[in-house]
Amino acid sequence: MNQQDYMNTWVQEPPLDYSFRSIQIIQDLVNEEPRTGLRPLKRSKSGKSLTQSLWLNNNVLNDLRDFNQVASKLLKHPENLAWIDLSFNDLTSIDPVLTTFFNLSVLYLHGNSIQRLGEVNKLAVLPRLRSLTLHGNPMEEEKGYRVPGSVEMPHRPP
């Protein structure tokens with residue numbers, strides 16, 4: 001199965017959902033059971049999730065230390081993460097670890113404590129990023145956060 005077939009196959013899988021778990025540090029995910037949805041999670045023979053979506057919203061995370069290592073323990077193919085929901089946590093910046101997921105197309109960061117609008121520039125290296133939420137962060141008060149009639153993403157190099 002080639003990479004594109006894999007991406008198309010697993011894009012419909014339910015998310016690995018750790019929302020509303022009062023998680024303070026990423027490492028706690030390894031010992032936490034994800035929430036169950038209407039459809040069961042598909043897992044590899046080694047027990048790792050086959051999803052491309054990781055939901056960590058509504059927790060109390062203030063950094064993403066060891067995010068790559070934890071994602072590798074939970075997901076069969078962490079490099080294929082397409083959707084990460086980190087909304088409603090206590091993040092104060094956009095951690096560079098997020099820029100290592102080149103298949104990321106949806107990133108929810110709304111409702112955090114991200115101060116500086118310039119943090120968004122880090123995400124310019126993500127070629128597939130199509131949906132980014134930032135509302136409800138202190139950066140919202142910075143001049144230039146909203147330019148009337150504009151919904152531009154940071155410039156991406158060709």
# chains A, B, ... in the order shown; residues from 1 in each chain; ligands from 1
>>> residues_around(residues="A:Leu104", least_positions_apart="4", cutoff="8 Å", atoms="only C-alpha atoms", output="tab-separated table (two decimals) with N, CA and C atoms, in the first residue's frame")
chain	number	residue	atom	x	y	z
A	80	ASN	N	1.76	10.61	10.07
A	80	ASN	CA	0.58	10.87	9.24
A	80	ASN	C	-0.50	11.66	9.96
A	81	LEU	N	-0.19	12.16	11.15
A	81	LEU	CA	-1.19	12.97	11.85
A	81	LEU	C	-1.67	14.11	10.94
A	82	ALA	N	-2.97	14.21	10.78
A	82	ALA	CA	-3.55	15.24	9.93
A	82	ALA	C	-4.35	16.25	10.75
A	83	TRP	N	-4.78	15.86	11.95
A	83	TRP	CA	-5.63	16.73	12.77
A	83	TRP	C	-5.17	16.63	14.21
A	84	ILE	N	-4.79	17.76	14.78
A	84	ILE	CA	-4.44	17.83	16.21
A	84	ILE	C	-5.30	18.92	16.83
A	126	LEU	N	4.36	24.11	7.29
A	126	LEU	CA	3.41	22.99	7.15
A	126	LEU	C	2.65	23.13	5.83
A	128	ARG	N	0.45	21.37	4.21
A	128	ARG	CA	-0.95	20.94	4.08
A	128	ARG	C	-1.90	21.63	5.06
A	129	LEU	N	-1.37	22.52	5.89
A	129	LEU	CA	-2.22	23.17	6.89
A	129	LEU	C	-3.29	24.01	6.21
>>> select_by_dssp(residues="stretch 62-141 of chain A", states="strand (DSSP E)", output="ChimeraX atom specification")
/A:83-85,106-108,131-133
>>> select_by_dssp(residues="stretch 33-152 of chain A", states="helix (DSSP H, G or I)", output="ChimeraX atom specification")
/A:67-74,78-80,96-100,117-125,138-141
>>> residues_around(residues="stretch 25-31 of chain A", least_positions_apart="3", cutoff="9 Å", atoms="only C-alpha atoms", output="MDAnalysis selection string")
chainID A and resid 18 34 60:67 69:70 73:74
